Amino acid sequence: MKNMGFRWYGPKDDPITLQNIRQIPGTTQVVGALFDVPVGEVWPKEKIAELKREVEAAGLKLEVIESVNIHDDIKIGKPSRDQYIENYKQTIRNLAEYGIKVICYNFMPVFDWLRTDLHYVLADGSNDMAFEADKLADDPQEIIDSTRNGSNGYTLPGWEPERLATIEGLFKAYKDVDEAKLRENMKYFLDAIIPVCEECDVRMAMHPDDPPRPLFGLPRIYKNAEDMRAIEAMHESKYNGFTICTGSLGENPNNDVPAIIREFVAKDRAPFIHARNIKFMNAKGDFHESAHLSECGSLDMYEIMKALHDTHFDGYIRPDHGRNIWGEDGVPGYGLYDRALGIAYLNGLWEALEKNN
């Protein structure tokens with residue numbers, strides 16, 4: 001696949017090097033971000049330029065950013081949101097100046113993603129992340145502490161310490177925000193930024209809720225195809241698009257992931273794909289991450305890739321959460337070896353689809 005990418009957290013926050021990534025066959029893109037700019041502030045041009053220079057010096061491309069996070073005041077709908085939206089618009093312009101084509105983002109309150117175990121041990125001795133509803137404590141502070149303690153010392157995206165230090169205040173701020181209000185606030189955001197995206201040719205790609213269910217009483221608005229249609233209708237533009245994360249959507253067994261791909265890729269509303277597998281642990285929908293192969297999880301990765309092939313997908317794609325294997329103990333879910341195996345597998349499926357066609 002021509003735009004196969006690999007998420008990278010930068011030289012300070014990732015033990016994986018750009019040289020490592022460059023050696024994964026078929027990988028041309030780095031999916032990067034600036035992790036030292038506080039949420040809500042404008043991304044400085046000089047920092048974007050340095051990231052681009054670093055990536056290109058390694059023989060790779062930087063065309064997708066994951067993520068430019070949305071300030072909570074925008075999601076809550078506070079009067080201060082207008083300044084944060086202006087900052088976001090300027091960040092879009094700055095990224096466009098350096099060749100960025102897609103911005104992956106989410107609109108999840110408080111938690112960008114949530115797992116109850118960052119080191120769930122599998123039968124083969126590898127470990128990965130898992131979610132078991134019964135292990136979710138009533139107090140969100142407990143899940144914050146367990147995530148921080150299990151992160152191997154790395155700052156995980158969406159779990160920034162300075163933001164989560166105010167968790168009690170955050171929950172109070174969201175107490176009057178239900179799904180309808182969150183959708184209203186998202187439309188306000190999209191109506192403001194999409195004209196800038198159209199002007200700059202930068203596509204927004206919203207990431208699904210992970211897991212795709214309400215937690216701690218917080219609303220969730222991107223859980224399934226019905227939600228996607230509602231978001232699509234908020235602003236009719238291809239620049240208002242989606243990241244289709246097969247794992248996040250697949251965490252709801254009622255979601256037909258290949259059908260979702262066929263619908264939204266065919267309409268040119270999905271410029272970015274996270275291709276990963278998950279394994280259901282029981283009938284309640286508890287799950288753990290798995291190797292990418294179909295036989296290792298509960299999703300049919302061949303049918304997922306076939307749906308992309310049948311709809312002539314030519315956007316950006318990357319493997320997602322992998323296991324820690326072969327003694328690796330880096331950023332949970334973001335090791336080198338298992339994601340590299342995932343790329344080899346996904347590219348193998350794609351080559352077979354191309355040749356069979």
# chains A, B, ... in the order shown; residues from 1 in each chain; ligands from 1

call {"tool": "select_by_dssp", "arguments": {"residues": "range 31-255 of chain A", "states": "helix (DSSP H, G or I)", "output": "ChimeraX atom specification"}}
result
/A:45-57,72-76,81-97,133-135,140-149,161-164,167-173,179-200,225-234,246-250

call {"tool": "closest_atom_pairs", "arguments": {"of": "range 80-169 of chain A", "to": "range 226-239 of chain A", "cutoff": "12 Å", "atoms": "only C-alpha atoms", "output": "tab-separated table"}}
result
residue	atom	partner	partner_atom	distance
A:Lys101	CA	A:Tyr239	CA	10.2
A:Val102	CA	A:Tyr239	CA	9.0
A:Ile103	CA	A:Tyr239	CA	10.0
A:Cys104	CA	A:Tyr239	CA	11.6
A:Phe107	CA	A:Ile231	CA	11.1

call {"tool": "write_last_selection", "arguments": {"atoms": "C-alpha atoms", "output": "short mmCIF file (atom, residue, chain, number, x, y, z; two decimals), in the first residue's frame"}}
result
data_model
loop_
_atom_site.label_atom_id
_atom_site.label_comp_id
_atom_site.auth_asym_id
_atom_site.auth_seq_id
_atom_site.Cartn_x
_atom_site.Cartn_y
_atom_site.Cartn_z
CA LYS A 101 -2.91 16.42 4.50
CA VAL A 102 -4.84 14.71 7.32
CA ILE A 103 -5.44 15.50 10.99
CA CYS A 104 -6.71 12.64 13.14
CA PHE A 107 -14.24 14.34 20.46
#

call {"tool": "closest_residue", "arguments": {"among": "A:Gly5, A:Gly285, A:Pro79, A:Pro271", "to": "Phe313 in chain A", "atoms": "only C-alpha atoms"}}
result
A:Pro271

call {"tool": "residues_around", "arguments": {"residues": "Gly297 in chain A", "least_positions_apart": "2", "cutoff": "10 Å", "atoms": "only C-alpha atoms", "output": "list in words"}}
result
Arg276, Asn277, Ile278, Lys279, Phe280, Met281, Phe287, His288, Glu289, Ser290, Ala291, His292, Leu293, Ser294, Glu295, Leu299, Asp300 and Met301 of chain A

call {"tool": "residues_around", "arguments": {"residues": "range 336-348 of chain A", "least_positions_apart": "3", "cutoff": "7 Å", "atoms": "only C-alpha atoms", "output": "list in words"}}
result
Met1, Ile16, Ile24, His292, Pro319, Asp320, Gly322, Arg323, Asn324, Ile325, Glu351 and Ala352 of chain A

call {"tool": "residues_around", "arguments": {"residues": "range 203-218 of chain A", "least_positions_apart": "6", "cutoff": "7 Å", "atoms": "only C-alpha atoms", "output": "compact mmCIF listing (two decimals) with N, CA, C and O atoms, in the first residue's frame"}}
result
# COMPACT_ATOMS: atom_id res chain seq x y z
N LYS A 101 -1.68 16.63 5.27
CA LYS A 101 -2.91 16.42 4.50
C LYS A 101 -4.08 15.94 5.34
O LYS A 101 -5.24 16.10 4.95
N VAL A 102 -3.78 15.28 6.48
CA VAL A 102 -4.84 14.71 7.32
C VAL A 102 -4.52 14.97 8.79
O VAL A 102 -3.37 14.80 9.21
N ILE A 103 -5.55 15.37 9.54
CA ILE A 103 -5.44 15.50 10.99
C ILE A 103 -6.42 14.52 11.62
O ILE A 103 -7.63 14.62 11.43
N CYS A 104 -5.89 13.56 12.36
CA CYS A 104 -6.71 12.64 13.14
C CYS A 104 -6.99 13.30 14.49
O CYS A 104 -6.08 13.87 15.10
N TYR A 105 -8.24 13.24 14.93
CA TYR A 105 -8.62 13.86 16.21
C TYR A 105 -9.77 13.06 16.80
O TYR A 105 -10.30 12.15 16.16
N ASN A 106 -10.16 13.38 18.02
CA ASN A 106 -11.36 12.75 18.59
C ASN A 106 -12.15 13.80 19.36
O ASN A 106 -11.67 14.90 19.63
N MET A 108 -13.88 12.87 22.36
CA MET A 108 -14.25 12.10 23.54
C MET A 108 -14.04 12.94 24.80
O MET A 108 -12.96 13.51 24.98
N PRO A 109 -15.01 13.01 25.68
CA PRO A 109 -14.83 13.73 26.94
C PRO A 109 -13.87 13.00 27.88
O PRO A 109 -13.95 11.78 28.03
N TRP A 113 -9.06 7.24 25.33
CA TRP A 113 -9.22 5.79 25.19
C TRP A 113 -9.08 5.21 26.59
O TRP A 113 -8.56 5.88 27.50
N LEU A 114 -9.54 3.99 26.76
CA LEU A 114 -9.51 3.44 28.12
C LEU A 114 -9.33 1.92 28.09
O LEU A 114 -9.99 1.23 27.32
N CYS A 197 -10.14 24.20 6.59
CA CYS A 197 -9.63 22.94 6.02
C CYS A 197 -9.76 22.93 4.50
O CYS A 197 -8.85 22.48 3.79
N TYR A 239 -13.99 17.21 3.77
CA TYR A 239 -12.99 17.58 4.77
C TYR A 239 -13.47 17.29 6.19
O TYR A 239 -12.68 17.32 7.12
N ASN A 240 -14.76 17.00 6.34
CA ASN A 240 -15.31 16.51 7.59
C ASN A 240 -15.38 14.99 7.47
O ASN A 240 -16.37 14.43 7.02
N GLY A 241 -14.29 14.33 7.85
CA GLY A 241 -14.19 12.90 7.60
C GLY A 241 -13.89 12.10 8.85
O GLY A 241 -13.95 12.61 9.98
N PHE A 242 -13.53 10.83 8.63
CA PHE A 242 -13.37 9.88 9.72
C PHE A 242 -12.04 9.14 9.62
O PHE A 242 -11.55 8.85 8.53
N THR A 243 -11.50 8.82 10.79
CA THR A 243 -10.54 7.74 10.90
C THR A 243 -11.36 6.50 11.21
O THR A 243 -12.08 6.47 12.21
N ILE A 244 -11.31 5.52 10.33
CA ILE A 244 -11.98 4.25 10.62
C ILE A 244 -10.96 3.36 11.32
O ILE A 244 -10.01 2.88 10.71
N CYS A 245 -11.15 3.21 12.63
CA CYS A 245 -10.29 2.34 13.42
C CYS A 245 -11.01 1.00 13.55
O CYS A 245 -12.03 0.91 14.24
N SER A 248 -11.34 -0.19 17.29
CA SER A 248 -12.29 0.54 18.12
C SER A 248 -13.72 0.23 17.72
O SER A 248 -14.57 -0.07 18.58
N LEU A 249 -14.03 0.31 16.44
CA LEU A 249 -15.38 -0.02 15.99
C LEU A 249 -15.68 -1.50 16.20
O LEU A 249 -16.79 -1.88 16.56
N GLU A 251 -14.75 -3.32 18.55
CA GLU A 251 -14.97 -3.65 19.96
C GLU A 251 -16.46 -3.76 20.30
O GLU A 251 -16.81 -4.31 21.35
N ASN A 252 -17.30 -3.25 19.41
CA ASN A 252 -18.75 -3.49 19.52
C ASN A 252 -19.09 -4.60 18.54
O ASN A 252 -19.04 -4.40 17.33
N ALA A 270 -13.40 8.87 4.45
CA ALA A 270 -12.49 8.19 5.40
C ALA A 270 -11.07 8.21 4.85
O ALA A 270 -10.61 7.24 4.24
N PRO A 271 -10.34 9.31 5.09
CA PRO A 271 -8.98 9.40 4.54
C PRO A 271 -7.91 8.65 5.34
O PRO A 271 -6.76 8.58 4.91
N PHE A 272 -8.30 8.09 6.49
CA PHE A 272 -7.29 7.48 7.37
C PHE A 272 -7.88 6.22 7.99
O PHE A 272 -9.03 6.21 8.45

call {"tool": "closest_residue", "arguments": {"among": "A:Asn282, A:Ser67, A:Asn224, A:Thr147", "to": "Arg115 in chain A", "atoms": "only C-alpha atoms"}}
result
A:Thr147

call {"tool": "residues_around", "arguments": {"residues": "range 306-308 of chain A", "least_positions_apart": "2", "cutoff": "8 Å", "atoms": "only C-alpha atoms", "output": "number ranges by chain"}}
result
A: 258-259, 261-262, 265, 302-304, 310-313, 350, 353

call {"tool": "write_last_selection", "arguments": {"atoms": "N, CA and C atoms", "output": "PDB file, in the first residue's frame"}}
result
ATOM      1  N   PRO A 258     -16.421  -4.215   7.862  1.00  0.00           N
ATOM      2  CA  PRO A 258     -16.284  -4.111   6.406  1.00  0.00           C
ATOM      3  C   PRO A 258     -17.408  -3.294   5.768  1.00  0.00           C
ATOM      4  N   ALA A 259     -18.638  -3.416   6.269  1.00  0.00           N
ATOM      5  CA  ALA A 259     -19.755  -2.639   5.715  1.00  0.00           C
ATOM      6  C   ALA A 259     -19.564  -1.152   5.974  1.00  0.00           C
ATOM      7  N   ILE A 261     -16.677   0.353   6.243  1.00  0.00           N
ATOM      8  CA  ILE A 261     -15.649   0.765   5.287  1.00  0.00           C
ATOM      9  C   ILE A 261     -16.256   0.978   3.909  1.00  0.00           C
ATOM     10  N   ARG A 262     -17.052   0.033   3.462  1.00  0.00           N
ATOM     11  CA  ARG A 262     -17.632   0.135   2.118  1.00  0.00           C
ATOM     12  C   ARG A 262     -18.500   1.391   1.985  1.00  0.00           C
ATOM     13  N   VAL A 265     -15.763   4.834   2.858  1.00  0.00           N
ATOM     14  CA  VAL A 265     -14.651   4.994   1.916  1.00  0.00           C
ATOM     15  C   VAL A 265     -15.212   5.273   0.526  1.00  0.00           C
ATOM     16  N   TYR A 302      -8.985 -10.093   6.425  1.00  0.00           N
ATOM     17  CA  TYR A 302      -9.062 -10.224   4.972  1.00  0.00           C
ATOM     18  C   TYR A 302     -10.272  -9.459   4.442  1.00  0.00           C
ATOM     19  N   GLU A 303     -11.424  -9.631   5.071  1.00  0.00           N
ATOM     20  CA  GLU A 303     -12.630  -8.933   4.615  1.00  0.00           C
ATOM     21  C   GLU A 303     -12.501  -7.430   4.800  1.00  0.00           C
ATOM     22  N   ILE A 304     -11.811  -7.015   5.839  1.00  0.00           N
ATOM     23  CA  ILE A 304     -11.570  -5.586   6.056  1.00  0.00           C
ATOM     24  C   ILE A 304     -10.699  -5.019   4.936  1.00  0.00           C
ATOM     25  N   ASP A 310     -11.918  -3.008  -2.588  1.00  0.00           N
ATOM     26  CA  ASP A 310     -13.099  -2.910  -3.457  1.00  0.00           C
ATOM     27  C   ASP A 310     -13.585  -1.473  -3.605  1.00  0.00           C
ATOM     28  N   THR A 311     -13.306  -0.639  -2.598  1.00  0.00           N
ATOM     29  CA  THR A 311     -13.744   0.756  -2.659  1.00  0.00           C
ATOM     30  C   THR A 311     -12.613   1.688  -3.111  1.00  0.00           C
ATOM     31  N   HIS A 312     -11.526   1.080  -3.618  1.00  0.00           N
ATOM     32  CA  HIS A 312     -10.404   1.826  -4.210  1.00  0.00           C
ATOM     33  C   HIS A 312      -9.785   2.813  -3.210  1.00  0.00           C
ATOM     34  N   PHE A 313      -9.610   2.364  -1.980  1.00  0.00           N
ATOM     35  CA  PHE A 313      -9.019   3.215  -0.958  1.00  0.00           C
ATOM     36  C   PHE A 313      -7.604   3.623  -1.349  1.00  0.00           C
ATOM     37  N   TRP A 350      -2.878  -7.089   0.878  1.00  0.00           N
ATOM     38  CA  TRP A 350      -3.127  -6.119  -0.199  1.00  0.00           C
ATOM     39  C   TRP A 350      -2.529  -6.594  -1.526  1.00  0.00           C
ATOM     40  N   LEU A 353      -4.742  -9.232  -2.949  1.00  0.00           N
ATOM     41  CA  LEU A 353      -5.970  -8.643  -3.511  1.00  0.00           C
ATOM     42  C   LEU A 353      -5.700  -7.990  -4.855  1.00  0.00           C
TER      43      LEU A 353
END

call {"tool": "closest_residue", "arguments": {"among": "A:Gly125, A:Gly40, A:Gly335, A:Gly247", "to": "Ser298 in chain A", "atoms": "only C-alpha atoms"}}
result
A:Gly247

call {"tool": "closest_residue", "arguments": {"among": "A:Ala33, A:Ile167, A:Val257, A:Ala58", "to": "Pro140 in chain A", "atoms": "only C-alpha atoms"}}
result
A:Ile167

call {"tool": "closest_residue", "arguments": {"among": "A:Leu170, A:Leu190, A:Ile144, A:Tyr316", "to": "Leu62 in chain A", "atoms": "only C-alpha atoms"}}
result
A:Tyr316

call {"tool": "atom_distance", "arguments": {"atom1": "CA of Glu142 in chain A", "atom2": "CA of His274 in chain A"}}
result
28.6 Å

call {"tool": "atom_distance", "arguments": {"atom1": "CA of Arg22 in chain A", "atom2": "CA of Asn3 in chain A"}}
result
13.3 Å

call {"tool": "residues_around", "arguments": {"residues": "Gln29 in chain A", "least_positions_apart": "2", "cutoff": "10 Å", "atoms": "only C-alpha atoms", "output": "VMD selection string"}}
result
chain A and resid 2 to 7 21 to 22 26 to 27 31 to 32 55 to 56 59 to 64 316 to 318

call {"tool": "write_last_selection", "arguments": {"atoms": "N, CA and C atoms", "output": "PDB file, in the first residue's frame"}}
result
ATOM      1  N   LYS A   2       0.578   2.188  -0.837  1.00  0.00           N
ATOM      2  CA  LYS A   2       1.512   3.301  -1.058  1.00  0.00           C
ATOM      3  C   LYS A   2       1.631   4.237   0.142  1.00  0.00           C
ATOM      4  N   ASN A   3       0.593   4.329   0.966  1.00  0.00           N
ATOM      5  CA  ASN A   3       0.626   5.248   2.096  1.00  0.00           C
ATOM      6  C   ASN A   3       0.559   4.508   3.428  1.00  0.00           C
ATOM      7  N   MET A   4       1.356   3.456   3.553  1.00  0.00           N
ATOM      8  CA  MET A   4       1.435   2.722   4.813  1.00  0.00           C
ATOM      9  C   MET A   4       2.266   3.523   5.806  1.00  0.00           C
ATOM     10  N   GLY A   5       1.722   3.713   7.009  1.00  0.00           N
ATOM     11  CA  GLY A   5       2.405   4.532   7.997  1.00  0.00           C
ATOM     12  C   GLY A   5       2.639   3.822   9.310  1.00  0.00           C
ATOM     13  N   PHE A   6       3.322   4.515  10.203  1.00  0.00           N
ATOM     14  CA  PHE A   6       3.702   3.975  11.506  1.00  0.00           C
ATOM     15  C   PHE A   6       3.655   5.118  12.497  1.00  0.00           C
ATOM     16  N   ARG A   7       2.880   4.978  13.571  1.00  0.00           N
ATOM     17  CA  ARG A   7       2.796   6.057  14.549  1.00  0.00           C
ATOM     18  C   ARG A   7       4.090   6.143  15.349  1.00  0.00           C
ATOM     19  N   ILE A  21      11.883   2.389  11.825  1.00  0.00           N
ATOM     20  CA  ILE A  21      10.657   2.460  11.021  1.00  0.00           C
ATOM     21  C   ILE A  21      10.992   2.357   9.531  1.00  0.00           C
ATOM     22  N   ARG A  22      12.070   3.019   9.123  1.00  0.00           N
ATOM     23  CA  ARG A  22      12.464   3.027   7.714  1.00  0.00           C
ATOM     24  C   ARG A  22      12.764   1.618   7.208  1.00  0.00           C
ATOM     25  N   GLY A  26       7.819  -1.559   2.931  1.00  0.00           N
ATOM     26  CA  GLY A  26       6.545  -0.999   2.491  1.00  0.00           C
ATOM     27  C   GLY A  26       6.054   0.175   3.307  1.00  0.00           C
ATOM     28  N   THR A  27       6.850   0.656   4.258  1.00  0.00           N
ATOM     29  CA  THR A  27       6.422   1.764   5.114  1.00  0.00           C
ATOM     30  C   THR A  27       7.004   3.068   4.586  1.00  0.00           C
ATOM     31  N   VAL A  31       3.328   8.740  11.100  1.00  0.00           N
ATOM     32  CA  VAL A  31       2.176   9.440  11.664  1.00  0.00           C
ATOM     33  C   VAL A  31       2.663  10.066  12.962  1.00  0.00           C
ATOM     34  N   GLY A  32       2.838  11.378  12.948  1.00  0.00           N
ATOM     35  CA  GLY A  32       3.497  12.055  14.053  1.00  0.00           C
ATOM     36  C   GLY A  32       2.633  13.100  14.721  1.00  0.00           C
ATOM     37  N   VAL A  55      11.829  13.696  10.084  1.00  0.00           N
ATOM     38  CA  VAL A  55      11.205  12.552   9.410  1.00  0.00           C
ATOM     39  C   VAL A  55      11.753  12.395   7.996  1.00  0.00           C
ATOM     40  N   GLU A  56      11.833  13.488   7.269  1.00  0.00           N
ATOM     41  CA  GLU A  56      12.296  13.411   5.877  1.00  0.00           C
ATOM     42  C   GLU A  56      13.776  13.055   5.794  1.00  0.00           C
ATOM     43  N   GLY A  59      14.269   9.505   5.362  1.00  0.00           N
ATOM     44  CA  GLY A  59      13.758   8.906   4.131  1.00  0.00           C
ATOM     45  C   GLY A  59      12.273   8.575   4.181  1.00  0.00           C
ATOM     46  N   LEU A  60      11.537   9.235   5.074  1.00  0.00           N
ATOM     47  CA  LEU A  60      10.107   8.984   5.233  1.00  0.00           C
ATOM     48  C   LEU A  60       9.324  10.269   4.999  1.00  0.00           C
ATOM     49  N   LYS A  61       8.005  10.153   4.958  1.00  0.00           N
ATOM     50  CA  LYS A  61       7.138  11.300   4.730  1.00  0.00           C
ATOM     51  C   LYS A  61       6.301  11.585   5.975  1.00  0.00           C
ATOM     52  N   LEU A  62       5.925  12.852   6.140  1.00  0.00           N
ATOM     53  CA  LEU A  62       5.052  13.272   7.232  1.00  0.00           C
ATOM     54  C   LEU A  62       3.861  14.006   6.624  1.00  0.00           C
ATOM     55  N   GLU A  63       2.734  13.291   6.469  1.00  0.00           N
ATOM     56  CA  GLU A  63       1.547  13.880   5.873  1.00  0.00           C
ATOM     57  C   GLU A  63       0.301  13.716   6.738  1.00  0.00           C
ATOM     58  N   VAL A  64       0.431  12.957   7.833  1.00  0.00           N
ATOM     59  CA  VAL A  64      -0.688  12.735   8.761  1.00  0.00           C
ATOM     60  C   VAL A  64      -0.245  13.089  10.169  1.00  0.00           C
ATOM     61  N   TYR A 316      -4.510   7.046   3.748  1.00  0.00           N
ATOM     62  CA  TYR A 316      -3.421   6.673   4.644  1.00  0.00           C
ATOM     63  C   TYR A 316      -3.894   5.561   5.578  1.00  0.00           C
ATOM     64  N   ILE A 317      -2.983   4.659   5.907  1.00  0.00           N
ATOM     65  CA  ILE A 317      -3.319   3.518   6.759  1.00  0.00           C
ATOM     66  C   ILE A 317      -2.125   3.204   7.642  1.00  0.00           C
ATOM     67  N   ARG A 318      -2.396   2.716   8.826  1.00  0.00           N
ATOM     68  CA  ARG A 318      -1.309   2.242   9.682  1.00  0.00           C
ATOM     69  C   ARG A 318      -1.807   1.071  10.525  1.00  0.00           C
TER      70      ARG A 318
END

call {"tool": "decode", "arguments": {"residues": "range 314-333 of chain A", "atoms": "N, CA and C atoms", "output": "short mmCIF file (atom, residue, chain, number, x, y, z; two decimals), in the first residue's frame"}}
result
data_model
loop_
_atom_site.label_atom_id
_atom_site.label_comp_id
_atom_site.auth_asym_id
_atom_site.auth_seq_id
_atom_site.Cartn_x
_atom_site.Cartn_y
_atom_site.Cartn_z
N ASP A 314 -7.33 4.93 -1.31
CA ASP A 314 -5.98 5.41 -1.63
C ASP A 314 -5.50 6.43 -0.59
N GLY A 315 -6.09 6.36 0.62
CA GLY A 315 -5.68 7.26 1.68
C GLY A 315 -4.53 6.70 2.49
N TYR A 316 -4.51 7.05 3.75
CA TYR A 316 -3.42 6.67 4.64
C TYR A 316 -3.89 5.56 5.58
N ILE A 317 -2.98 4.66 5.91
CA ILE A 317 -3.32 3.52 6.76
C ILE A 317 -2.12 3.20 7.64
N ARG A 318 -2.40 2.72 8.83
CA ARG A 318 -1.31 2.24 9.68
C ARG A 318 -1.81 1.07 10.52
N PRO A 319 -0.88 0.20 10.96
CA PRO A 319 -1.26 -0.81 11.94
C PRO A 319 -1.51 -0.09 13.25
N ASP A 320 -2.27 -0.74 14.13
CA ASP A 320 -2.55 -0.08 15.40
C ASP A 320 -2.06 -0.95 16.53
N HIS A 321 -2.65 -0.83 17.68
CA HIS A 321 -2.16 -1.47 18.91
C HIS A 321 -1.65 -2.89 18.66
N GLY A 322 -0.45 -3.11 19.09
CA GLY A 322 0.13 -4.44 18.97
C GLY A 322 0.52 -4.99 20.33
N ARG A 323 1.04 -6.20 20.31
CA ARG A 323 1.50 -6.84 21.54
C ARG A 323 2.95 -6.43 21.84
N ASN A 324 3.36 -6.62 23.06
CA ASN A 324 4.78 -6.60 23.39
C ASN A 324 5.30 -8.02 23.20
N ILE A 325 6.24 -8.20 22.28
CA ILE A 325 6.79 -9.52 21.99
C ILE A 325 8.32 -9.45 21.98
N TRP A 326 8.96 -10.64 22.07
CA TRP A 326 10.40 -10.75 21.94
C TRP A 326 11.14 -9.88 22.97
N GLY A 327 10.56 -9.76 24.16
CA GLY A 327 11.23 -9.03 25.23
C GLY A 327 11.08 -7.53 25.19
N GLU A 328 10.36 -7.02 24.22
CA GLU A 328 10.18 -5.57 24.12
C GLU A 328 9.26 -5.07 25.22
N ASP A 329 9.56 -3.90 25.75
CA ASP A 329 8.76 -3.34 26.84
C ASP A 329 8.74 -1.82 26.72
N GLY A 330 8.14 -1.34 25.62
CA GLY A 330 8.11 0.09 25.35
C GLY A 330 6.78 0.72 25.72
N VAL A 331 6.31 1.62 24.86
CA VAL A 331 5.03 2.27 25.08
C VAL A 331 3.94 1.21 24.94
N PRO A 332 3.09 1.00 25.94
CA PRO A 332 2.06 -0.04 25.83
C PRO A 332 1.23 0.10 24.56
N GLY A 333 1.13 -1.01 23.82
CA GLY A 333 0.36 -1.01 22.58
C GLY A 333 1.14 -0.53 21.37
#
